[in-house]
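**Q** This is work.cif, which holds mmCIF, C-alpha atoms:
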data_coords
#
loop_
_atom_site.group_PDB
_atom_site.id
_atom_site.type_symbol
_atom_site.label_atom_id
_atom_site.label_comp_id
_atom_site.auth_asym_id
_atom_site.auth_seq_id
_atom_site.Cartn_x
_atom_site.Cartn_y
_atom_site.Cartn_z
ATOM 1 C CA MET A 1 -39.033 -30.080 -24.688
ATOM 2 C CA THR A 2 -38.241 -26.988 -22.624
ATOM 3 C CA VAL A 3 -35.976 -27.522 -19.659
ATOM 4 C CA PRO A 4 -35.879 -24.535 -17.313
ATOM 5 C CA LEU A 5 -32.490 -23.152 -16.430
ATOM 6 C CA GLN A 6 -31.919 -22.893 -12.702
ATOM 7 C CA ASN A 7 -29.328 -20.623 -11.189
ATOM 8 C CA ARG A 8 -27.749 -19.861 -7.846
ATOM 9 C CA ILE A 9 -26.768 -16.252 -8.541
ATOM 10 C CA ARG A 10 -28.771 -15.015 -5.581
ATOM 11 C CA VAL A 11 -26.948 -17.408 -3.254
ATOM 12 C CA PHE A 12 -23.537 -16.346 -4.562
ATOM 13 C CA ARG A 13 -24.499 -12.679 -4.309
ATOM 14 C CA ALA A 14 -25.555 -13.175 -0.711
ATOM 15 C CA GLU A 15 -22.282 -14.956 0.093
ATOM 16 C CA HIS A 16 -20.329 -12.056 -1.405
ATOM 17 C CA ARG A 17 -22.698 -9.481 0.154
ATOM 18 C CA MET A 18 -23.401 -7.978 -3.242
ATOM 19 C CA SER A 19 -26.444 -6.244 -4.653
ATOM 20 C CA GLN A 20 -27.709 -6.907 -8.181
ATOM 21 C CA SER A 21 -26.265 -3.528 -9.208
ATOM 22 C CA ASP A 22 -22.828 -4.467 -7.826
ATOM 23 C CA LEU A 23 -22.789 -7.673 -9.873
ATOM 24 C CA ALA A 24 -24.089 -5.814 -12.943
ATOM 25 C CA LYS A 25 -21.249 -3.284 -12.627
ATOM 26 C CA ALA A 26 -18.718 -6.066 -12.138
ATOM 27 C CA ILE A 27 -19.604 -7.863 -15.357
ATOM 28 C CA GLY A 28 -20.765 -4.872 -17.430
ATOM 29 C CA VAL A 29 -24.474 -5.531 -17.942
ATOM 30 C CA SER A 30 -27.581 -3.717 -16.720
ATOM 31 C CA ARG A 31 -29.163 -4.441 -13.328
ATOM 32 C CA LYS A 32 -32.352 -5.530 -15.075
ATOM 33 C CA THR A 33 -30.402 -8.182 -16.970
ATOM 34 C CA ILE A 34 -29.076 -9.642 -13.703
ATOM 35 C CA SER A 35 -32.476 -9.557 -12.004
ATOM 36 C CA THR A 36 -34.238 -11.237 -14.930
ATOM 37 C CA ILE A 37 -31.557 -13.950 -15.091
ATOM 38 C CA GLU A 38 -32.018 -14.535 -11.359
ATOM 39 C CA VAL A 39 -35.778 -15.012 -11.616
ATOM 40 C CA GLY A 40 -35.410 -17.189 -14.721
ATOM 41 C CA ARG A 41 -37.069 -14.855 -17.215
ATOM 42 C CA PHE A 42 -33.915 -14.332 -19.269
ATOM 43 C CA VAL A 43 -31.613 -17.129 -20.350
ATOM 44 C CA PRO A 44 -28.158 -15.564 -20.436
ATOM 45 C CA SER A 45 -25.724 -16.059 -23.285
ATOM 46 C CA THR A 46 -22.648 -18.193 -22.770
ATOM 47 C CA VAL A 47 -20.565 -15.009 -22.508
ATOM 48 C CA ILE A 48 -22.637 -13.616 -19.613
ATOM 49 C CA ALA A 49 -22.721 -17.017 -17.881
ATOM 50 C CA LEU A 50 -18.935 -17.294 -18.147
ATOM 51 C CA LYS A 51 -18.460 -13.716 -16.903
ATOM 52 C CA ILE A 52 -20.622 -14.401 -13.841
ATOM 53 C CA ALA A 53 -18.792 -17.670 -13.136
ATOM 54 C CA ARG A 54 -15.405 -16.011 -13.580
ATOM 55 C CA TYR A 55 -16.402 -13.214 -11.233
ATOM 56 C CA PHE A 56 -17.388 -15.646 -8.465
ATOM 57 C CA LYS A 57 -14.339 -17.832 -9.281
ATOM 58 C CA VAL A 58 -16.423 -20.975 -9.736
ATOM 59 C CA SER A 59 -17.400 -23.135 -12.701
ATOM 60 C CA VAL A 60 -20.497 -22.297 -14.753
ATOM 61 C CA GLU A 61 -22.106 -25.558 -13.586
ATOM 62 C CA GLU A 62 -21.943 -24.407 -9.977
ATOM 63 C CA ILE A 63 -24.114 -21.420 -10.855
ATOM 64 C CA PHE A 64 -26.314 -22.691 -13.673
ATOM 65 C CA SER A 65 -27.970 -26.084 -13.956
ATOM 66 C CA LEU A 66 -30.798 -27.665 -15.874
ATOM 67 C CA ALA A 67 -33.888 -28.565 -13.893
ATOM 68 C CA GLU A 68 -34.722 -32.258 -13.874
ATOM 69 C CA PRO A 69 -37.561 -32.950 -16.324
ATOM 70 C CA THR A 70 -40.717 -33.978 -14.497
ATOM 71 C CA MET B 1 -16.708 -2.607 -16.566
ATOM 72 C CA GLU B 2 -18.235 0.427 -14.833
ATOM 73 C CA GLN B 3 -18.451 2.219 -18.227
ATOM 74 C CA GLN B 4 -19.937 -0.863 -19.857
ATOM 75 C CA TYR B 5 -22.512 -1.030 -17.037
ATOM 76 C CA LYS B 6 -23.416 2.624 -17.647
ATOM 77 C CA ARG B 7 -23.816 1.999 -21.383
ATOM 78 C CA ALA B 8 -25.946 -1.098 -20.670
ATOM 79 C CA GLU B 9 -28.231 0.924 -18.377
ATOM 80 C CA ILE B 10 -28.541 3.698 -20.970
ATOM 81 C CA ARG B 11 -29.268 1.162 -23.693
ATOM 82 C CA ASP B 12 -32.064 -0.317 -21.553
ATOM 83 C CA ALA B 13 -33.535 3.165 -21.101
ATOM 84 C CA ILE B 14 -33.326 3.819 -24.872
ATOM 85 C CA ASN B 15 -35.067 0.486 -25.547
ATOM 86 C CA SER B 16 -37.916 1.436 -23.199
ATOM 87 C CA LEU B 17 -38.172 4.850 -24.849
ATOM 88 C CA LEU B 18 -38.369 3.234 -28.302
ATOM 89 C CA ALA B 19 -41.156 0.938 -27.122
ATOM 90 C CA PHE B 20 -42.970 3.874 -25.518
ATOM 91 C CA GLY B 21 -42.434 6.132 -28.550
ATOM 92 C CA ALA B 22 -44.210 3.562 -30.725
ATOM 93 C CA LEU B 23 -47.518 4.509 -29.045
ATOM 94 C CA PRO B 24 -47.686 8.241 -29.937
ATOM 95 C CA TYR B 25 -46.388 7.385 -33.412
ATOM 96 C CA ALA B 26 -49.165 4.795 -33.802
ATOM 97 C CA ALA B 27 -51.656 7.403 -32.575
ATOM 98 C CA LEU B 28 -50.403 9.860 -35.206
ATOM 99 C CA LEU B 29 -50.828 7.276 -37.973
ATOM 100 C CA LEU B 30 -54.355 6.412 -36.797
ATOM 101 C CA LEU B 31 -55.327 10.075 -36.466
ATOM 102 C CA ASP B 32 -53.999 10.778 -39.987
ATOM 103 C CA ALA B 33 -56.137 7.913 -41.285
ATOM 104 C CA PHE B 34 -59.238 9.142 -39.444
ATOM 105 C CA GLU B 35 -58.576 12.704 -40.601
ATOM 106 C CA ALA B 36 -58.610 11.468 -44.201
ATOM 107 C CA GLY B 37 -62.011 9.893 -43.532
ATOM 108 C CA PHE B 38 -63.738 12.366 -41.253
ATOM 109 C CA GLY B 39 -61.900 15.577 -42.009
ATOM 110 C CA ALA B 40 -59.854 17.667 -39.574
ATOM 111 C CA THR B 41 -62.181 17.802 -36.571
ATOM 112 C CA ASP B 42 -61.143 19.649 -33.384
ATOM 113 C CA THR B 43 -60.804 16.388 -31.453
ATOM 114 C CA ILE B 44 -58.540 14.824 -34.084
ATOM 115 C CA GLN B 45 -56.382 17.948 -34.231
ATOM 116 C CA THR B 46 -56.086 18.220 -30.432
ATOM 117 C CA LEU B 47 -55.188 14.532 -30.107
ATOM 118 C CA GLY B 48 -52.728 14.990 -32.980
ATOM 119 C CA TRP B 49 -50.940 17.801 -31.152
ATOM 120 C CA ILE B 50 -50.780 15.746 -27.943
ATOM 121 C CA ALA B 51 -49.317 12.773 -29.865
ATOM 122 C CA LYS B 52 -46.797 15.053 -31.620
ATOM 123 C CA ALA B 53 -45.749 16.593 -28.291
ATOM 124 C CA CYS B 54 -45.276 13.118 -26.742
ATOM 125 C CA LEU B 55 -43.256 11.977 -29.748
ATOM 126 C CA ALA B 56 -41.097 15.113 -29.650
ATOM 127 C CA ILE B 57 -40.338 14.540 -25.947
ATOM 128 C CA VAL B 58 -39.437 10.892 -26.633
ATOM 129 C CA VAL B 59 -37.127 11.869 -29.510
ATOM 130 C CA LEU B 60 -35.487 14.600 -27.408
ATOM 131 C CA VAL B 61 -34.874 12.289 -24.431
ATOM 132 C CA CYS B 62 -33.613 9.611 -26.837
ATOM 133 C CA VAL B 63 -31.071 12.032 -28.328
ATOM 134 C CA VAL B 64 -29.895 13.013 -24.811
ATOM 135 C CA MET B 65 -29.528 9.321 -23.921
ATOM 136 C CA ILE B 66 -27.583 8.561 -27.115
ATOM 137 C CA VAL B 67 -25.212 11.463 -26.372
ATOM 138 C CA ARG B 68 -24.760 10.200 -22.789
ATOM 139 C CA LYS B 69 -24.064 6.697 -24.110
ATOM 140 C CA TRP B 70 -21.549 8.084 -26.586
ATOM 141 C CA ARG B 71 -19.877 10.115 -23.825
ATOM 142 C CA ALA B 72 -19.643 7.014 -21.627
ATOM 143 C CA GLY B 73 -16.917 5.919 -24.035
ATOM 144 C CA GLY B 74 -16.062 2.490 -25.380
ATOM 145 C CA THR B 75 -15.837 1.186 -28.900
ATOM 146 C CA ARG B 76 -18.661 0.164 -31.205
ATOM 147 C CA ALA B 77 -17.535 -3.449 -30.906
ATOM 148 C CA GLU B 78 -17.836 -3.273 -27.112
ATOM 149 C CA ALA B 79 -21.258 -1.665 -27.398
ATOM 150 C CA ALA B 80 -22.460 -4.442 -29.705
ATOM 151 C CA GLU B 81 -21.148 -6.994 -27.207
ATOM 152 C CA ILE B 82 -23.425 -5.767 -24.415
ATOM 153 C CA GLU B 83 -26.275 -8.191 -24.044
ATOM 154 C CA SER B 84 -29.380 -7.348 -22.134
ATOM 155 C CA TYR B 85 -32.817 -8.629 -21.290
ATOM 156 C CA SER B 86 -34.276 -5.375 -22.555
ATOM 157 C CA THR B 87 -32.700 -5.698 -26.010
ATOM 158 C CA SER B 88 -33.798 -9.313 -26.382
ATOM 159 C CA LEU B 89 -37.294 -8.258 -25.282
ATOM 160 C CA LEU B 90 -37.333 -5.466 -27.869
ATOM 161 C CA PHE B 91 -36.478 -7.921 -30.658
ATOM 162 C CA ARG B 92 -39.012 -10.443 -29.357
ATOM 163 C CA SER B 93 -41.717 -7.774 -29.223
ATOM 164 C CA ALA B 94 -40.929 -6.783 -32.819
ATOM 165 C CA THR B 95 -41.244 -10.431 -33.875
ATOM 166 C CA VAL B 96 -44.533 -10.828 -31.977
ATOM 167 C CA SER B 97 -46.019 -7.653 -33.494
ATOM 168 C CA TRP B 98 -44.965 -8.661 -37.016
ATOM 169 C CA GLY B 99 -46.344 -12.187 -36.635
ATOM 170 C CA LEU B 100 -49.565 -11.188 -34.914
ATOM 171 C CA THR B 101 -50.311 -8.490 -37.493
ATOM 172 C CA LEU B 102 -49.840 -11.000 -40.301
ATOM 173 C CA VAL B 103 -52.153 -13.475 -38.540
ATOM 174 C CA ILE B 104 -54.811 -10.795 -37.954
ATOM 175 C CA LEU B 105 -54.616 -9.670 -41.591
ATOM 176 C CA ALA B 106 -54.817 -13.274 -42.821
ATOM 177 C CA ILE B 107 -57.807 -14.091 -40.592
ATOM 178 C CA MET B 108 -59.715 -10.908 -41.368
ATOM 179 C CA ASP B 109 -58.865 -10.939 -45.092
ATOM 180 C CA ASN B 110 -61.592 -8.917 -46.886
ATOM 181 C CA ARG B 111 -63.321 -8.118 -43.608
ATOM 182 C CA TYR B 112 -60.360 -5.878 -42.725
ATOM 183 C CA ARG B 113 -61.209 -3.566 -45.623
ATOM 184 C CA SER B 114 -64.919 -3.631 -44.726
ATOM 185 C CA LEU B 115 -64.099 -2.841 -41.093
ATOM 186 C CA LEU B 116 -61.999 0.149 -42.128
ATOM 187 C CA GLU B 117 -64.833 1.369 -44.368
ATOM 188 C CA VAL B 118 -67.253 1.133 -41.429
ATOM 189 C CA MET B 119 -64.769 3.088 -39.317
ATOM 190 C CA GLY B 120 -64.639 5.747 -42.015
ATOM 191 C CA VAL B 121 -61.018 5.111 -42.989
ATOM 192 C CA PRO B 122 -60.360 5.376 -46.738
ATOM 193 C CA PHE B 123 -58.702 2.392 -48.462
ATOM 194 C CA SER B 124 -55.627 4.491 -49.272
ATOM 195 C CA ARG B 125 -54.912 4.692 -45.513
ATOM 196 C CA THR B 126 -54.969 0.919 -44.907
ATOM 197 C CA GLY B 127 -51.163 0.903 -44.666
ATOM 198 C CA ASP B 128 -51.200 3.557 -41.915
ATOM 199 C CA VAL B 129 -53.734 1.608 -39.852
ATOM 200 C CA THR B 130 -51.787 -1.640 -40.295
ATOM 201 C CA ALA B 131 -48.526 0.049 -39.270
ATOM 202 C CA ALA B 132 -50.272 1.569 -36.242
ATOM 203 C CA LEU B 133 -51.596 -1.867 -35.283
ATOM 204 C CA MET B 134 -48.078 -3.303 -35.474
ATOM 205 C CA LEU B 135 -46.633 -0.484 -33.359
ATOM 206 C CA ILE B 136 -49.323 -0.855 -30.698
ATOM 207 C CA VAL B 137 -48.812 -4.635 -30.474
ATOM 208 C CA PHE B 138 -45.034 -4.058 -30.349
ATOM 209 C CA SER B 139 -45.332 -1.618 -27.461
ATOM 210 C CA LEU B 140 -47.872 -3.703 -25.543
ATOM 211 C CA ALA B 141 -45.753 -6.856 -25.949
ATOM 212 C CA TYR B 142 -42.691 -5.020 -24.611
ATOM 213 C CA PHE B 143 -44.380 -3.406 -21.625
ATOM 214 C CA GLY B 144 -46.513 -6.493 -20.925
ATOM 215 C CA SER B 145 -43.378 -8.637 -20.624
ATOM 216 C CA THR B 146 -41.652 -5.923 -18.572
ATOM 217 C CA PHE B 147 -44.631 -5.897 -16.194
ATOM 218 C CA LEU B 148 -44.504 -9.689 -15.851
ATOM 219 C CA SER B 149 -40.764 -9.661 -15.170
ATOM 220 C CA ASN B 150 -41.174 -6.873 -12.580
ATOM 221 C CA ARG B 151 -43.852 -8.947 -10.875
ATOM 222 C CA ALA B 152 -41.611 -12.039 -10.895
ATOM 223 C CA GLU B 153 -38.767 -9.974 -9.395
ATOM 224 C CA ALA B 154 -41.041 -8.587 -6.680
ATOM 225 C CA ARG B 155 -42.246 -12.121 -5.866
ATOM 226 C CA ALA B 156 -38.635 -13.384 -5.712
ATOM 227 C CA ALA B 157 -37.642 -10.468 -3.475
ATOM 228 C CA ARG B 158 -40.379 -11.418 -0.990
ATOM 229 C CA LEU B 159 -39.066 -15.009 -0.665
#
Give the structure from this file in structure tokens form.
**A**
Amino acid sequence: MTVPLQNRIRVFRAEHRMSQSDLAKAIGVSRKTISTIEVGRFVPSTVIALKIARYFKVSVEEIFSLAEPT
Amino acid sequence: MEQQYKRAEIRDAINSLLAFGALPYAALLLLDAFEAGFGATDTIQTLGWIAKACLAIVVLVCVVMIVRKWRAGGTRAEAAEIESYSTSLLFRSATVSWGLTLVILAIMDNRYRSLLEVMGVPFSRTGDVTAALMLIVFSLAYFGSTFLSNRAEARAARL
């Protein structure tokens, strides 16, 4: 059973007035990696997820969540 | 992190170059196989030179990128730590091309050899054609997925 990973990176970026490139620079990955995570095409590793959460000073669960199975 | 970002961007560009470079290399393998069957016709030679020129440009740009990545600093351990969508896509495309080629070969079985004979490719060049098939599938899988992700990003940007 595949459960899609939802994320709120876009919301957090908007709150911090950041572009995808800004976030990519902040955590040391490429812009494409951030954009594909945002649209759900790339499931990030635990390390990237933790880096993003640490950058926004929130828990991983506040950014990433599993979609309810339908 | 700025340096790591630069290296990640360069690595993405190198990955795309590798996927693109697979196409002229596949063309060279196919042209070699056809040359063995049909002889060195003008068309085959012209296409061969175009493929070689494309491959040379890809290799040259790749070398420049590798030097830039090396100049961006950082240790090998840090470089290995960088994760990216592009790298995962490259590995996935390699897996797809390997699997699909095996499936095609298994399905076609003896017909593969007959098909090559019809196309004028000698049996000794079967390996070249198979490798070319794998490279083409690899490249198409990479750029196909990149196209789909670009489309998804554009759709998300419109929302």
**Q** Using all atoms listed in the file, which residues of chain B come within 7 Å of chain A, and what is the closest atom pair for each, with the distance in Å to one decimal? Give it as a Markdown table, sorted by chain and residue number.
**A**
| residue | atom | partner | partner_atom | distance |
| --- | --- | --- | --- | --- |
| B:Met1 | CA | A:Gly28 | CA | 4.7 |
| B:Glu2 | CA | A:Lys25 | CA | 5.3 |
| B:Gln4 | CA | A:Gly28 | CA | 4.8 |
| B:Tyr5 | CA | A:Gly28 | CA | 4.2 |
| B:Ala8 | CA | A:Ser30 | CA | 5.0 |
| B:Glu9 | CA | A:Ser30 | CA | 5.0 |
| B:Ile82 | CA | A:Val29 | CA | 6.6 |
| B:Glu83 | CA | A:Val29 | CA | 6.9 |
| B:Ser84 | CA | A:Thr33 | CA | 5.3 |
| B:Tyr85 | CA | A:Thr33 | CA | 5.0 |
| B:Ser149 | CA | A:Arg41 | CA | 6.7 |
| B:Ala152 | CA | A:Val39 | CA | 6.6 |
| B:Glu153 | CA | A:Val39 | CA | 6.3 |
| B:Ala156 | CA | A:Val39 | CA | 6.8 |
**Q** Any chance you could export the current selection's C-alpha atoms as a tab-separated table (two decimals), keeping the file's coordinate frame?
**A**
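Final output, saved to out_17.tsv:
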chain	number	residue	atom	x	y	z
B	1	MET	CA	-16.71	-2.61	-16.57
B	2	GLU	CA	-18.24	0.43	-14.83
B	4	GLN	CA	-19.94	-0.86	-19.86
B	5	TYR	CA	-22.51	-1.03	-17.04
B	8	ALA	CA	-25.95	-1.10	-20.67
B	9	GLU	CA	-28.23	0.92	-18.38
B	82	ILE	CA	-23.42	-5.77	-24.42
B	83	GLU	CA	-26.28	-8.19	-24.04
B	84	SER	CA	-29.38	-7.35	-22.13
B	85	TYR	CA	-32.82	-8.63	-21.29
B	149	SER	CA	-40.76	-9.66	-15.17
B	152	ALA	CA	-41.61	-12.04	-10.90
B	153	GLU	CA	-38.77	-9.97	-9.40
B	156	ALA	CA	-38.64	-13.38	-5.71
**Q** Give me, please, the distance in Å between CA of Gly120 (chain B) and CA of Leu55 (chain B), quoted to one decimal.
**A** 25.4 Å
**Q** Skipping near chain neighbours, those fewer than 4 positions away, what residues fall within 6 Å of region 56-64 of chain A using all atoms listed in the file, listed as an MDAnalysis selection string?
**A** chainID A and resid 6:8
**Q** Run the PyMOL selection byres ((chain B and resi 47) around 12) against the file shown and list the residues it catches, as a list in words.
**A**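 Written out, the selection comes to Pro24, Tyr25, Ala27, Leu28, Leu29, Leu30, Leu31, Asp32, Phe34, Glu35, Ala40, Thr41, Asp42, Thr43, Ile44, Gln45, Thr46, Gly48, Trp49, Ile50, Ala51, Lys52, Ala53 and Cys54 of chain B.
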**Q** If we count all atoms listed in the file and set the cut-off at 10 Å, which residues sit around region 107-117 of chain B, ignoring sequence neighbours fewer than 6 positions away in its own chain? Please answer as a list in words.
**A**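 The residues that qualify are Ala33, Phe34, Gly37, Thr101, Phe123, Arg125, Thr126, Val129 and Thr130 of chain B.
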**Q** For the residues in the current selection, export C-alpha atoms as a short mmCIF file (atom, residue, chain, number, x, y, z; two decimals), in the frame of the given file.
**A**
data_model
loop_
_atom_site.label_atom_id
_atom_site.label_comp_id
_atom_site.auth_asym_id
_atom_site.auth_seq_id
_atom_site.Cartn_x
_atom_site.Cartn_y
_atom_site.Cartn_z
CA ALA B 33 -56.14 7.91 -41.28
CA PHE B 34 -59.24 9.14 -39.44
CA GLY B 37 -62.01 9.89 -43.53
CA THR B 101 -50.31 -8.49 -37.49
CA PHE B 123 -58.70 2.39 -48.46
CA ARG B 125 -54.91 4.69 -45.51
CA THR B 126 -54.97 0.92 -44.91
CA VAL B 129 -53.73 1.61 -39.85
CA THR B 130 -51.79 -1.64 -40.30
#
**Q** Using the chain letters and residue numbers of this document, give as a PyMOL selection string the residues selected by the PyMOL selection byres ((chain B and resi 59) around 12).
**A** chain B and resi 14+17-22+24-25+52-58+60-66
**Q** Of the candidates B:Leu89, B:Leu105, B:Ala36, B:Leu159, which one gets nearest to Ala131 (chain B) if we count all atoms listed in the file?
**A**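 Closest to Ala131 (chain B), using all atoms listed in the file: B:Leu105.
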**Q** Suppose you want the space between CA of Ser97 (chain B) and CA of Leu5 (chain A); what is it in Å?
**A**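 So the two atoms, CA of Ser97 (chain B) and CA of Leu5 (chain A), lie 26.7 Å apart.
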**Q** With all atoms listed in the file counted, which protein, DNA or RNA residues have an atom no more than 10 Å from (-46.3, -5.9, -33.6) in the file frame? Please answer as a ChimeraX atom specification.
**A** /B:92-102,130-142
**Q** Take the residues just selected and output them with C-alpha atoms as a short mmCIF file (atom, residue, chain, number, x, y, z; two decimals), in the coordinates of the input.
**A**
data_model
loop_
_atom_site.label_atom_id
_atom_site.label_comp_id
_atom_site.auth_asym_id
_atom_site.auth_seq_id
_atom_site.Cartn_x
_atom_site.Cartn_y
_atom_site.Cartn_z
CA ARG B 92 -39.01 -10.44 -29.36
CA SER B 93 -41.72 -7.77 -29.22
CA ALA B 94 -40.93 -6.78 -32.82
CA THR B 95 -41.24 -10.43 -33.88
CA VAL B 96 -44.53 -10.83 -31.98
CA SER B 97 -46.02 -7.65 -33.49
CA TRP B 98 -44.96 -8.66 -37.02
CA GLY B 99 -46.34 -12.19 -36.64
CA LEU B 100 -49.56 -11.19 -34.91
CA THR B 101 -50.31 -8.49 -37.49
CA LEU B 102 -49.84 -11.00 -40.30
CA THR B 130 -51.79 -1.64 -40.30
CA ALA B 131 -48.53 0.05 -39.27
CA ALA B 132 -50.27 1.57 -36.24
CA LEU B 133 -51.60 -1.87 -35.28
CA MET B 134 -48.08 -3.30 -35.47
CA LEU B 135 -46.63 -0.48 -33.36
CA ILE B 136 -49.32 -0.86 -30.70
CA VAL B 137 -48.81 -4.64 -30.47
CA PHE B 138 -45.03 -4.06 -30.35
CA SER B 139 -45.33 -1.62 -27.46
CA LEU B 140 -47.87 -3.70 -25.54
CA ALA B 141 -45.75 -6.86 -25.95
CA TYR B 142 -42.69 -5.02 -24.61
#
**Q** CA of Ala26 (chain B) and CA of Ala106 (chain B), how far apart in Å?
**A**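 These two atoms are separated by 21.0 Å.
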**Q** So for region 29-41 of chain A, what box centre and size do we get, axis-aligned, 5 Å extra on each of the six sides, every listed atom, Å to one decimal, as JSON?
**A**
{"center_x": -30.8, "center_y": -10.5, "center_z": -14.7, "size_x": 22.6, "size_y": 23.5, "size_z": 16.6}
